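**Q** Quick one, target-v3.txt (compact mmCIF, C-alpha atoms):
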```
# COMPACT_ATOMS: atom_id res chain seq x y z
CA MET G 20 0.00 0.00 0.00
CA PRO G 21 2.42 2.74 -1.18
CA THR G 22 1.60 6.30 -0.19
CA ALA G 23 2.42 9.67 -1.68
CA LEU G 24 5.56 10.15 0.40
CA ASP G 25 6.85 6.67 -0.51
CA ARG G 26 7.25 7.53 -4.17
CA PRO G 27 10.92 7.65 -5.23
CA THR G 28 10.58 11.11 -6.80
CA GLU G 29 12.30 14.33 -5.84
CA ARG G 30 10.19 16.51 -3.60
CA PRO G 31 9.26 19.98 -4.90
CA ALA G 32 11.58 22.76 -3.79
CA ASP G 33 9.24 25.75 -3.96
CA ALA G 34 6.45 26.60 -1.52
CA ARG G 35 3.67 26.14 -4.07
CA GLY G 36 4.94 22.68 -4.88
CA ARG G 37 5.15 21.73 -1.20
CA VAL G 38 1.57 22.91 -0.60
CA ALA G 39 0.39 20.92 -3.61
CA GLU G 40 2.22 17.90 -2.23
CA LEU G 41 0.51 18.33 1.15
CA ARG G 42 -2.90 18.51 -0.49
CA ALA G 43 -2.19 15.36 -2.49
CA VAL G 44 -1.10 13.49 0.64
CA ARG G 45 -4.21 14.57 2.56
CA ALA G 46 -6.45 13.62 -0.36
CA GLN G 47 -4.89 10.17 -0.37
CA ALA G 48 -5.40 9.83 3.39
CA VAL G 49 -9.09 10.73 3.06
CA ALA G 50 -9.63 8.47 0.04
CA GLY G 51 -8.37 5.44 1.94
CA PRO G 52 -6.65 2.36 0.54
CA SER G 53 -8.63 2.26 -2.72
CA ALA G 54 -11.95 3.08 -4.34
CA ARG G 55 -12.59 -0.66 -4.54
CA ALA G 56 -12.30 -0.99 -0.76
CA THR G 57 -14.81 1.82 -0.29
CA GLU G 58 -17.22 0.25 -2.78
CA ALA G 59 -16.92 -3.09 -0.99
CA GLN G 60 -17.74 -1.39 2.31
CA HIS G 61 -20.81 0.29 0.84
CA ALA G 62 -21.90 -2.97 -0.84
CA LYS G 63 -22.12 -4.53 2.63
CA GLY G 64 -24.44 -1.74 3.73
CA LYS G 65 -21.71 -0.19 5.87
CA LEU G 66 -20.31 3.33 6.02
CA THR G 67 -16.68 4.36 6.14
CA ALA G 68 -15.25 5.70 9.39
CA ARG G 69 -15.46 9.33 8.30
CA GLU G 70 -19.02 8.86 7.05
CA ARG G 71 -20.03 7.46 10.45
CA ILE G 72 -18.37 10.36 12.23
CA GLU G 73 -20.11 12.94 10.01
CA LEU G 74 -23.48 11.43 10.93
CA LEU G 75 -22.59 11.57 14.62
CA VAL G 76 -21.30 15.13 15.04
CA ASP G 77 -22.79 18.49 14.15
CA PRO G 78 -22.39 19.26 10.41
CA GLY G 79 -18.96 20.59 9.53
CA SER G 80 -17.65 20.46 13.11
CA PHE G 81 -15.27 17.50 12.91
CA HIS G 82 -11.57 18.35 13.04
CA GLU G 83 -9.33 15.39 12.31
CA VAL G 84 -5.92 14.95 13.92
CA GLU G 85 -3.07 12.52 13.24
CA GLN G 86 -4.32 12.07 9.70
CA LEU G 87 -0.78 11.41 8.47
CA ARG G 88 0.19 8.93 11.18
CA ARG G 89 1.63 5.62 9.94
CA HIS G 90 2.99 2.61 11.80
CA ARG G 91 6.63 1.50 11.76
CA ALA G 92 6.07 -2.24 12.20
CA THR G 93 8.09 -4.61 10.04
CA GLY G 94 6.74 -8.05 10.95
CA PHE G 95 4.06 -10.09 9.16
CA GLY G 96 4.52 -8.12 5.95
CA LEU G 97 3.29 -4.89 7.52
CA GLU G 98 6.24 -2.95 6.14
CA ALA G 99 4.46 -3.08 2.77
CA LYS G 100 1.20 -1.78 4.26
CA ARG G 101 1.63 1.66 5.76
CA PRO G 102 -1.65 3.51 5.23
CA TYR G 103 -2.23 7.00 6.51
CA THR G 104 -4.26 7.20 9.78
CA ASP G 105 -3.09 3.65 10.56
CA GLY G 106 -6.70 2.54 10.30
CA VAL G 107 -8.12 4.81 13.03
CA ILE G 108 -9.77 8.17 12.35
CA THR G 109 -9.37 10.48 15.35
CA GLY G 110 -10.33 14.05 16.16
CA TRP G 111 -12.91 16.22 17.82
CA GLY G 112 -16.23 17.77 16.88
CA MET G 113 -19.44 19.12 18.33
CA VAL G 114 -22.63 17.33 19.35
CA GLU G 115 -25.46 19.76 20.01
CA GLY G 116 -22.81 22.43 20.49
CA ARG G 117 -20.76 20.46 22.99
CA THR G 118 -17.19 19.42 22.23
CA VAL G 119 -16.60 15.67 21.98
CA PHE G 120 -13.54 13.64 21.08
CA VAL G 121 -14.08 10.86 18.58
CA TYR G 122 -12.23 7.91 17.11
CA ALA G 123 -13.52 5.36 14.62
CA HIS G 124 -11.87 2.31 13.09
CA ASP G 125 -11.62 2.36 9.32
CA PHE G 126 -12.78 -1.12 8.34
CA ARG G 127 -11.15 -0.75 4.92
CA ILE G 128 -7.73 -0.93 6.58
CA PHE G 129 -6.49 -4.01 8.47
CA GLY G 130 -9.97 -5.55 8.53
CA ALA G 131 -12.98 -4.89 10.74
CA LEU G 132 -12.14 -3.89 14.30
CA ARG G 133 -15.23 -4.11 16.46
CA LYS G 134 -13.68 -6.22 19.20
CA ALA G 135 -12.78 -5.31 22.77
CA TYR G 136 -10.62 -8.10 24.14
CA GLY G 137 -8.76 -7.99 27.45
CA GLY G 138 -6.63 -4.87 27.76
CA ALA G 139 -8.20 -3.43 24.61
CA TYR G 140 -11.55 -3.29 26.41
CA ILE G 141 -9.98 -1.49 29.36
CA VAL G 142 -8.23 1.25 27.38
CA MET G 143 -11.11 1.90 24.94
CA GLU G 144 -12.92 4.24 27.34
CA SER G 145 -14.23 1.51 29.62
CA GLN G 146 -15.68 1.89 33.10
CA SER G 147 -12.37 0.53 34.41
CA ILE G 148 -10.66 3.83 33.60
CA GLY G 149 -13.53 6.05 34.66
CA ALA G 150 -15.88 6.30 31.68
CA ASP G 151 -19.26 7.65 32.80
CA LEU G 152 -21.27 5.65 30.28
CA THR G 153 -20.28 2.84 27.95
CA TYR G 154 -22.41 1.72 25.01
CA ALA G 155 -22.04 -1.13 22.54
CA TRP G 156 -23.46 -1.82 19.12
CA PRO G 157 -24.99 -5.26 18.43
CA THR G 158 -21.87 -6.18 16.41
CA ASN G 159 -19.55 -5.67 19.38
CA GLU G 160 -17.51 -8.49 20.90
CA THR G 161 -16.29 -8.02 24.48
CA ALA G 162 -14.27 -10.81 26.08
CA VAL G 163 -11.07 -11.63 27.94
CA MET G 164 -9.54 -12.89 24.69
CA GLY G 165 -10.49 -14.23 21.28
CA ALA G 166 -12.48 -17.45 21.06
CA GLU G 167 -9.64 -19.55 19.64
CA GLY G 168 -7.19 -18.52 22.35
CA ALA G 169 -9.78 -18.87 25.10
CA ALA G 170 -10.75 -22.36 23.97
CA ASN G 171 -7.12 -23.49 23.88
CA VAL G 172 -6.53 -22.23 27.42
CA THR G 173 -9.84 -22.92 29.17
CA PHE G 174 -10.66 -26.26 27.59
CA ARG G 175 -7.17 -27.58 26.88
CA ARG G 176 -7.70 -30.79 28.89
CA GLN G 177 -11.05 -31.58 27.31
CA ILE G 178 -9.56 -30.96 23.87
CA ALA G 179 -6.47 -33.07 24.57
CA ASN G 180 -8.56 -35.99 25.89
CA ALA G 181 -11.13 -35.89 23.10
CA GLU G 182 -11.22 -38.61 20.45
CA ASP G 183 -11.06 -35.90 17.80
CA PRO G 184 -9.17 -32.91 19.29
CA GLU G 185 -9.74 -30.65 16.27
CA ALA G 186 -13.48 -31.29 16.26
CA ALA G 187 -13.57 -30.71 20.02
CA ARG G 188 -11.65 -27.45 19.65
CA ALA G 189 -14.00 -26.25 16.91
CA HIS G 190 -16.99 -27.08 19.13
CA MET G 191 -15.49 -25.20 22.10
CA VAL G 192 -14.70 -22.17 19.95
CA LYS G 193 -18.25 -22.09 18.60
CA GLU G 194 -19.70 -22.48 22.09
CA TYR G 195 -17.49 -19.71 23.51
CA LYS G 196 -18.53 -17.33 20.74
CA SER G 197 -22.25 -18.04 21.07
CA GLU G 198 -22.38 -17.85 24.87
CA LEU G 199 -19.77 -15.27 25.87
CA MET G 200 -18.71 -13.09 22.94
CA HIS G 201 -21.76 -10.93 22.40
CA PRO G 202 -22.66 -7.50 23.81
CA TYR G 203 -25.66 -8.81 25.75
CA TYR G 204 -23.37 -10.92 27.94
CA ALA G 205 -21.28 -7.79 28.58
CA ALA G 206 -24.43 -5.81 29.41
CA GLU G 207 -25.65 -8.49 31.82
CA ARG G 208 -22.44 -8.12 33.81
CA GLY G 209 -22.28 -4.34 33.72
CA LEU G 210 -19.30 -4.11 31.36
CA VAL G 211 -21.41 -1.85 29.13
CA ASP G 212 -24.37 0.26 30.17
CA ASP G 213 -26.51 -0.55 27.17
CA VAL G 214 -26.58 -2.12 23.71
CA ILE G 215 -27.89 0.46 21.27
CA ASP G 216 -29.08 0.63 17.68
CA PRO G 217 -26.27 2.17 15.59
CA ALA G 218 -28.82 4.44 13.90
CA GLY G 219 -29.67 5.95 17.29
CA THR G 220 -26.09 6.60 18.41
CA ARG G 221 -26.25 10.38 18.01
CA GLU G 222 -29.53 10.64 19.94
CA VAL G 223 -28.17 8.49 22.78
CA LEU G 224 -24.98 10.54 22.90
CA ILE G 225 -26.91 13.83 23.01
CA LYS G 226 -29.02 12.63 25.94
CA SER G 227 -25.96 11.29 27.76
CA LEU G 228 -24.03 14.53 27.36
CA ALA G 229 -27.04 16.52 28.54
CA MET G 230 -27.25 14.37 31.67
CA LEU G 231 -23.53 14.86 32.36
CA ARG G 232 -23.46 18.58 31.58
CA THR G 233 -23.30 19.66 35.23
CA LYS G 234 -21.04 16.85 36.42
CA HIS G 235 -18.04 17.92 38.47
CA ALA G 236 -15.42 15.56 39.82
CA ASP G 237 -12.41 16.40 41.98
CA LEU G 238 -9.69 13.89 41.18
CA PRO G 239 -6.61 13.31 43.35
CA PRO G 240 -3.24 14.38 41.91
CA ARG G 241 -1.92 11.87 39.42
CA LYS G 242 1.10 10.00 40.75
CA HIS G 243 1.43 7.13 38.30
CA GLY G 244 1.68 6.94 34.54
CA ASN G 245 -0.48 3.81 34.65
CA GLN G 246 -3.23 4.17 37.22
CA PRO G 247 -3.61 1.13 39.50
CA GLN G 248 -7.03 -0.51 39.34
```
Could you quickly redo this structure as structure tokens?
**A**
Amino acid sequence: MPTALDRPTERPADARGRVAELRAVRAQAVAGPSARATEAQHAKGKLTARERIELLVDPGSFHEVEQLRRHRATGFGLEAKRPYTDGVITGWGMVEGRTVFVYAHDFRIFGALRKAYGGAYIVMESQSIGADLTYAWPTNETAVMGAEGAANVTFRRQIANAEDPEAARAHMVKEYKSELMHPYYAAERGLVDDVIDPAGTREVLIKSLAMLRTKHADLPPRKHGNQPQ
């Protein structure tokens, strides 16, 4: 996935050329990996990350940051895939005139990321780090780890002693997914406050922000880079 700055051409020396280069780079970042990837997303009835954000915030209020960020990983062939934004659109905007900070995974890059496993659940604005309200869409998966890893750890003895270990593993993975890896299980245990219809996200957010408008919290001085839980 080559990008504008990866091209082995000499960069323009004059200011006009540099500005034109910047505009080309930003246009590439907004366009995403390819028109085909965008068409495939729309064909599934899904919106791109920026389209979802535009529906959420007040019109014209979103200001994107870190648009030109790219990873530096070299394993698993990632050195050949260095898209702008690194697959996450971040920034701030307004919802009913109130400033909110937003991030959305771009499903066209590195696959669909709707999962909150282990530490990822904690750091993605969970109640564990002080989030006032946490909502999930019906497509969300919240769990300690992925189904394959969980099955190998939790049911390793049953799998090892089974007549057909691979069939037993497949059964355990399927059972783990159906019973534990859905947002309703997370809601039952208070890991999320509610499971909401994606189409109603903006309305839910507006009501939540209105409820929290007068909230005031005095926090103790921060002494640790990683707060103990």
**Q** May I have the residues within 6 Å of Thr104 of chain G as a list in words, using all atoms listed in the file and disregarding those fewer than 3 positions away in the same chain?
**A**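 Contacts, in chain order: Gln86, Leu87, Arg88 and Val107 of chain G.
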**Q** Calculate how many Å separate atom CA of Asp125 of chain G from atom CA of Thr67 of chain G, rounding to one decimal.
**A**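 Going from atom CA of Asp125 of chain G over to atom CA of Thr67 of chain G, I get 6.3 Å.
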**Q** Taking (5.6, 16.3, -4.1) in the file's coordinates as the center, which residues reach within 6 Å of it, counting only C-alpha atoms, put as an mmCIF file with C-alpha atoms, in the frame of the given file?
**A**
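File produced: out_3.cif:
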```cif
data_model
loop_
_atom_site.group_PDB
_atom_site.id
_atom_site.type_symbol
_atom_site.label_atom_id
_atom_site.label_comp_id
_atom_site.auth_asym_id
_atom_site.auth_seq_id
_atom_site.Cartn_x
_atom_site.Cartn_y
_atom_site.Cartn_z
ATOM 1 C CA ARG G 30 10.190 16.510 -3.600
ATOM 2 C CA PRO G 31 9.260 19.980 -4.900
ATOM 3 C CA GLU G 40 2.220 17.900 -2.230
#
```
**Q** Compare G:Ala62, G:Ala166, G:Ala32, G:Ala155 by their minimum atom-to-atom distance to Tyr136 of chain G, counting all atoms listed in the file, and give me the closest one.
**A**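 Using all atoms listed in the file, the shortest distance to Tyr136 of chain G belongs to G:Ala166.
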**Q** Give the centre and edge lengths of an axis-aligned box, in Å to one decimal, that holds all listed atoms of segment 44-57 of chain G with 8 Å on each side, as JSON.
**A**
```
{"center_x": -8.0, "center_y": 6.8, "center_z": -0.6, "size_x": 29.7, "size_y": 31.6, "size_z": 23.9}
```
**Q** How many Å separate atom CA of Arg101 of chain G from atom CA of His124 of chain G?
**A**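 Interatomic distance here is 15.4 Å.
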**Q** Which of these residues is nearest to Arg117 of chain G, using all atoms listed in the file: G:Val172, G:Ala187, G:Val76, G:Ala236?
**A** G:Val76
